[in-house]
Amino acid sequence: MEHQASHSHSRRRAGALAALLALAATLLASTALAAPARAAVPSNFWGAVPQSSLTLPQLERLKRGGVDSLRFSIDWAAIQPSPRAELAWGGVDDTIEAFAKAGIEALPLLYGAPRWAVPVAAVPGTGGGSKAAAHLPVAGRAGSGWSAFARQAVERYGPRGSFWAEHPEVPRDPIHTWQIWNEPNFKYFVARPNPGEYGQLVKRSARAIHAADLGAKIVLGGLFARPGEAGKFQPPRAYSAVEFLELMFKRTPGVAASFDGVALHPYTTSYLSIPGEIEELRKLLRARGAGSKGLWLTEVGWSSEPPSRRDAFAKGLQGQASQLSGAFRLLRNNAARWRLKQVFWFSVDDLPGACNFCGGSGLFKRGFKPKPAWRNFVHFAGGRAS
């Protein structure tokens, strides 16, 4: 009996050991399965778009939370309001300095045209209440002025930029990637979107930027995936992202050699629509021999405002957080397959009145009070919420 009890006890210990080993193997296997999804995410993958100036402590909080990149605008109209004026970089200098001190990469968006270069026009369908550039700065003094603006931006902030030489106390973080315009397929940034004209702007911009930094990367302006979902906008007021790109390729021979990446703004009522938008875009790029181009999502987001028939992107506080988690999980897990380079949440902070959903799109409420969406962002970015 004693021998049998001892034998039985040994078997129980062996069984327990086997169970522990099996559990350990399961945990290791699950970790191994999870690792590739995270390993596939490029460096500086998670970013955001501020709608207002941020203090250094606020930027440092974003960095701790896992925000590695911030996208911001450099508006030619603000930099050079008159044709003979020297380009005024002071405000941009302040932004670049603050980002660098916080250890956050900058993705600049070059856009805008002063009225001395391009006349403004009423945005169709707004009753004259909104105005935008009548056309893109591609010809005459508008074109030459834009080229000078783009080149000087690189000469200021690129790898050999004068800003870094003038400010040795600022951590050196030169800009290597430049985005050209914003939502060129939508009427709010150019009154009458023109795919061929935009292709010419891309080619002109690439020549100017590469004259100052041959290794710089050029990213197309973020294309609103389907403006029609935000209202009854059809050409010439707006084009879908795929339609606009297809026409750009057709009307601008050789344009593919002038850019390194495409940018998409997949605004939609649900994150579940994002894969279809991306797959359709990648299919077009492959058909055009541009399948190796990277993809940037330079805006993606929903509002924390209460759900409303007037705003399809309004989901409430918890709904916004849920949409972020669903979207980020898809984007993280498919980053390699979709050739995703960076993802920027729109936006960092609420700014009422700036656009239909800008007042609730932030990760933070006014006063920089975090929302549930910030907690979820931090989870995916691997940071700390406080």
# chains A, B, ... in the order shown; residues from 1 in each chain; ligands from 1

$ select_by_dssp --residues "segment 189-317 of chain A" --states "strand (DSSP E or B)" --output "list in words"
Lys217, Ile218, Val219, Leu220, Leu223, Phe224, Ala238, Gly261, Val262, Ala263, Leu264, His265, Gly294, Leu295, Trp296, Leu297, Thr298, Glu299, Val300, Ser303, Ser308, Asp311 and Ala314 of chain A

$ write_last_selection --atoms "N, CA and C atoms" --output "mmCIF file, in the first residue's frame"
data_model
loop_
_atom_site.group_PDB
_atom_site.id
_atom_site.type_symbol
_atom_site.label_atom_id
_atom_site.label_comp_id
_atom_site.auth_asym_id
_atom_site.auth_seq_id
_atom_site.Cartn_x
_atom_site.Cartn_y
_atom_site.Cartn_z
ATOM 1 N N LYS A 217 12.048 61.972 -48.473
ATOM 2 C CA LYS A 217 10.887 61.206 -48.921
ATOM 3 C C LYS A 217 9.704 62.151 -49.126
ATOM 4 N N ILE A 218 8.942 61.880 -50.189
ATOM 5 C CA ILE A 218 7.774 62.683 -50.536
ATOM 6 C C ILE A 218 6.529 61.826 -50.350
ATOM 7 N N VAL A 219 5.572 62.337 -49.582
ATOM 8 C CA VAL A 219 4.308 61.636 -49.355
ATOM 9 C C VAL A 219 3.174 62.488 -49.920
ATOM 10 N N LEU A 220 2.268 61.853 -50.648
ATOM 11 C CA LEU A 220 1.129 62.576 -51.199
ATOM 12 C C LEU A 220 0.250 63.132 -50.081
ATOM 13 N N LEU A 223 -5.563 61.693 -48.711
ATOM 14 C CA LEU A 223 -6.779 61.664 -49.523
ATOM 15 C C LEU A 223 -7.961 61.198 -48.685
ATOM 16 N N PHE A 224 -9.007 61.987 -48.654
ATOM 17 C CA PHE A 224 -10.254 61.603 -47.988
ATOM 18 C C PHE A 224 -10.795 60.396 -48.754
ATOM 19 N N ALA A 238 -15.505 66.963 -55.310
ATOM 20 C CA ALA A 238 -14.723 65.956 -54.595
ATOM 21 C C ALA A 238 -14.644 64.681 -55.416
ATOM 22 N N GLY A 261 5.340 57.676 -51.084
ATOM 23 C CA GLY A 261 4.222 57.101 -50.355
ATOM 24 C C GLY A 261 2.920 57.811 -50.644
ATOM 25 N N VAL A 262 1.842 57.077 -50.416
ATOM 26 C CA VAL A 262 0.484 57.596 -50.553
ATOM 27 C C VAL A 262 -0.082 57.769 -49.151
ATOM 28 N N ALA A 263 -0.908 58.789 -48.966
ATOM 29 C CA ALA A 263 -1.537 59.003 -47.658
ATOM 30 C C ALA A 263 -3.048 58.934 -47.804
ATOM 31 N N LEU A 264 -3.675 58.309 -46.832
ATOM 32 C CA LEU A 264 -5.120 58.101 -46.855
ATOM 33 C C LEU A 264 -5.735 58.610 -45.558
ATOM 34 N N HIS A 265 -6.929 59.180 -45.670
ATOM 35 C CA HIS A 265 -7.737 59.560 -44.509
ATOM 36 C C HIS A 265 -9.011 58.719 -44.549
ATOM 37 N N GLY A 294 4.915 53.047 -49.998
ATOM 38 C CA GLY A 294 4.418 52.957 -48.636
ATOM 39 C C GLY A 294 3.074 53.648 -48.485
ATOM 40 N N LEU A 295 2.395 53.341 -47.380
ATOM 41 C CA LEU A 295 1.093 53.938 -47.096
ATOM 42 C C LEU A 295 1.133 54.605 -45.724
ATOM 43 N N TRP A 296 0.762 55.861 -45.697
ATOM 44 C CA TRP A 296 0.632 56.627 -44.459
ATOM 45 C C TRP A 296 -0.851 56.889 -44.225
ATOM 46 N N LEU A 297 -1.331 56.669 -43.016
ATOM 47 C CA LEU A 297 -2.665 57.138 -42.643
ATOM 48 C C LEU A 297 -2.441 58.406 -41.830
ATOM 49 N N THR A 298 -2.502 59.554 -42.505
ATOM 50 C CA THR A 298 -2.138 60.796 -41.823
ATOM 51 C C THR A 298 -3.304 61.422 -41.066
ATOM 52 N N GLU A 299 -4.484 60.829 -41.184
ATOM 53 C CA GLU A 299 -5.612 61.165 -40.308
ATOM 54 C C GLU A 299 -6.532 59.954 -40.238
ATOM 55 N N VAL A 300 -6.901 59.589 -39.029
ATOM 56 C CA VAL A 300 -7.962 58.609 -38.806
ATOM 57 C C VAL A 300 -8.578 58.957 -37.461
ATOM 58 N N SER A 303 -15.328 61.146 -33.400
ATOM 59 C CA SER A 303 -15.609 62.161 -32.391
ATOM 60 C C SER A 303 -16.219 61.530 -31.141
ATOM 61 N N SER A 308 -25.179 61.359 -33.506
ATOM 62 C CA SER A 308 -26.133 62.285 -34.107
ATOM 63 C C SER A 308 -26.306 61.961 -35.578
ATOM 64 N N ASP A 311 -23.916 63.976 -37.749
ATOM 65 C CA ASP A 311 -22.484 63.686 -37.712
ATOM 66 C C ASP A 311 -22.275 62.183 -37.593
ATOM 67 N N ALA A 314 -19.631 60.861 -35.012
ATOM 68 C CA ALA A 314 -19.820 61.064 -33.573
ATOM 69 C C ALA A 314 -20.248 59.754 -32.922
#

$ residues_around --residues "segment 86-90 of chain A" --least-positions-apart "6" --cutoff "9 Å" --atoms "only C-alpha atoms" --output "list in words"
Trp76, Ala78, Ile79, Gln80, Phe149, Gln152, Ala153 and Arg156 of chain A

$ write_last_selection --atoms "N, CA and C atoms" --output "PDB file, in the first residue's frame"
ATOM      1  N   TRP A  76       2.130  78.119 -46.562  1.00  0.00           N
ATOM      2  CA  TRP A  76       2.873  79.096 -47.349  1.00  0.00           C
ATOM      3  C   TRP A  76       2.276  80.497 -47.199  1.00  0.00           C
ATOM      4  N   ALA A  78       0.911  81.874 -44.688  1.00  0.00           N
ATOM      5  CA  ALA A  78       1.326  82.484 -43.425  1.00  0.00           C
ATOM      6  C   ALA A  78       2.814  82.807 -43.421  1.00  0.00           C
ATOM      7  N   ILE A  79       3.600  82.003 -44.130  1.00  0.00           N
ATOM      8  CA  ILE A  79       5.049  82.176 -44.150  1.00  0.00           C
ATOM      9  C   ILE A  79       5.461  83.351 -45.029  1.00  0.00           C
ATOM     10  N   GLN A  80       4.726  83.572 -46.120  1.00  0.00           N
ATOM     11  CA  GLN A  80       5.088  84.626 -47.080  1.00  0.00           C
ATOM     12  C   GLN A  80       3.830  85.375 -47.541  1.00  0.00           C
ATOM     13  N   PHE A 149       9.402  78.144 -51.811  1.00  0.00           N
ATOM     14  CA  PHE A 149       8.912  77.872 -50.453  1.00  0.00           C
ATOM     15  C   PHE A 149       9.276  76.459 -50.013  1.00  0.00           C
ATOM     16  N   GLN A 152      13.116  76.045 -49.567  1.00  0.00           N
ATOM     17  CA  GLN A 152      13.627  76.737 -48.385  1.00  0.00           C
ATOM     18  C   GLN A 152      13.176  76.068 -47.084  1.00  0.00           C
ATOM     19  N   ALA A 153      12.023  75.410 -47.097  1.00  0.00           N
ATOM     20  CA  ALA A 153      11.600  74.654 -45.915  1.00  0.00           C
ATOM     21  C   ALA A 153      12.595  73.534 -45.623  1.00  0.00           C
ATOM     22  N   ARG A 156      15.827  74.792 -44.349  1.00  0.00           N
ATOM     23  CA  ARG A 156      15.711  75.255 -42.967  1.00  0.00           C
ATOM     24  C   ARG A 156      15.691  74.095 -41.972  1.00  0.00           C
TER      25      ARG A 156
END

$ residues_around --residues "Ser147 of chain A" --least-positions-apart "3" --cutoff "9 Å" --atoms "only C-alpha atoms" --output "VMD selection string"
chain A and resid 138 142 to 144 150 to 152 204 to 205 207 to 209

$ write_last_selection --atoms "N, CA and C atoms" --output "mmCIF file, in the first residue's frame"
data_model
loop_
_atom_site.group_PDB
_atom_site.id
_atom_site.type_symbol
_atom_site.label_atom_id
_atom_site.label_comp_id
_atom_site.auth_asym_id
_atom_site.auth_seq_id
_atom_site.Cartn_x
_atom_site.Cartn_y
_atom_site.Cartn_z
ATOM 1 N N VAL A 138 0.771 75.819 -59.413
ATOM 2 C CA VAL A 138 1.601 75.020 -60.319
ATOM 3 C C VAL A 138 2.143 75.804 -61.505
ATOM 4 N N ALA A 142 3.038 81.686 -59.190
ATOM 5 C CA ALA A 142 2.552 80.803 -58.125
ATOM 6 C C ALA A 142 3.399 79.541 -58.070
ATOM 7 N N GLY A 143 3.683 78.965 -59.243
ATOM 8 C CA GLY A 143 4.490 77.751 -59.290
ATOM 9 C C GLY A 143 5.917 77.983 -58.833
ATOM 10 N N SER A 144 6.539 79.047 -59.326
ATOM 11 C CA SER A 144 7.920 79.323 -58.930
ATOM 12 C C SER A 144 7.996 79.702 -57.451
ATOM 13 N N ALA A 150 9.008 75.464 -50.863
ATOM 14 C CA ALA A 150 9.292 74.069 -50.511
ATOM 15 C C ALA A 150 10.790 73.845 -50.334
ATOM 16 N N ARG A 151 11.590 74.389 -51.255
ATOM 17 C CA ARG A 151 13.042 74.207 -51.155
ATOM 18 C C ARG A 151 13.584 74.838 -49.876
ATOM 19 N N GLN A 152 13.116 76.045 -49.567
ATOM 20 C CA GLN A 152 13.627 76.737 -48.385
ATOM 21 C C GLN A 152 13.176 76.068 -47.084
ATOM 22 N N ARG A 204 6.551 69.127 -59.187
ATOM 23 C CA ARG A 204 7.247 70.382 -58.896
ATOM 24 C C ARG A 204 7.830 70.343 -57.479
ATOM 25 N N SER A 205 7.056 69.855 -56.529
ATOM 26 C CA SER A 205 7.511 69.788 -55.136
ATOM 27 C C SER A 205 8.700 68.854 -54.987
ATOM 28 N N ARG A 207 10.969 68.051 -57.194
ATOM 29 C CA ARG A 207 12.183 68.672 -57.742
ATOM 30 C C ARG A 207 12.764 69.683 -56.750
ATOM 31 N N ALA A 208 11.900 70.492 -56.159
ATOM 32 C CA ALA A 208 12.372 71.518 -55.225
ATOM 33 C C ALA A 208 12.951 70.899 -53.956
ATOM 34 N N ILE A 209 12.273 69.915 -53.412
ATOM 35 C CA ILE A 209 12.716 69.285 -52.163
ATOM 36 C C ILE A 209 14.009 68.512 -52.374
#

$ closest_residue --among "A:Gln58, A:Gln318, A:Gln51, A:Thr252" --to "Leu351 of chain A" --atoms "only C-alpha atoms"
A:Gln51

$ residues_around --residues "Gly158 of chain A" --least-positions-apart "3" --cutoff "6 Å" --atoms "only C-alpha atoms" --output "list in words"
Val154, Glu155, Gly161, Pro174 and Ile175 of chain A

$ closest_residue --among "A:Phe377, A:Ala106, A:Ala287, A:Tyr188" --to "Gly129 of chain A" --atoms "only C-alpha atoms"
A:Tyr188

$ atom_distance --atom1 "atom CA of Glu183 of chain A" --atom2 "atom CA of Gly221 of chain A"
5.8 Å

$ residues_around --residues "segment 107-117 of chain A" --least-positions-apart "4" --cutoff "6 Å" --atoms "only C-alpha atoms" --output "PyMOL selection string"
chain A and resi 71-77+81+142+178-181

$ atom_distance --atom1 "atom CA of Phe233 of chain A" --atom2 "atom CA of Pro119 of chain A"
22.8 Å

$ closest_residue --among "A:Tyr198, A:Phe186, A:Trp146, A:Tyr157" --to "Thr95 of chain A" --atoms "only C-alpha atoms"
A:Tyr157

$ select_by_dssp --residues "segment 235-269 of chain A" --states "alpha helix (DSSP H)" --output "ChimeraX atom specification"
/A:241-251

$ atom_distance --atom1 "atom CA of Gly316 of chain A" --atom2 "atom CA of Phe346 of chain A"
15.5 Å

$ closest_residue --among "A:Ile274, A:Val123, A:Ala148, A:Leu54" --to "Pro83 of chain A" --atoms "only C-alpha atoms"
A:Ala148

$ closest_residue --among "A:Ser258, A:Gln200, A:Asn194, A:Asn334" --to "Arg237 of chain A" --atoms "only C-alpha atoms"
A:Asn194
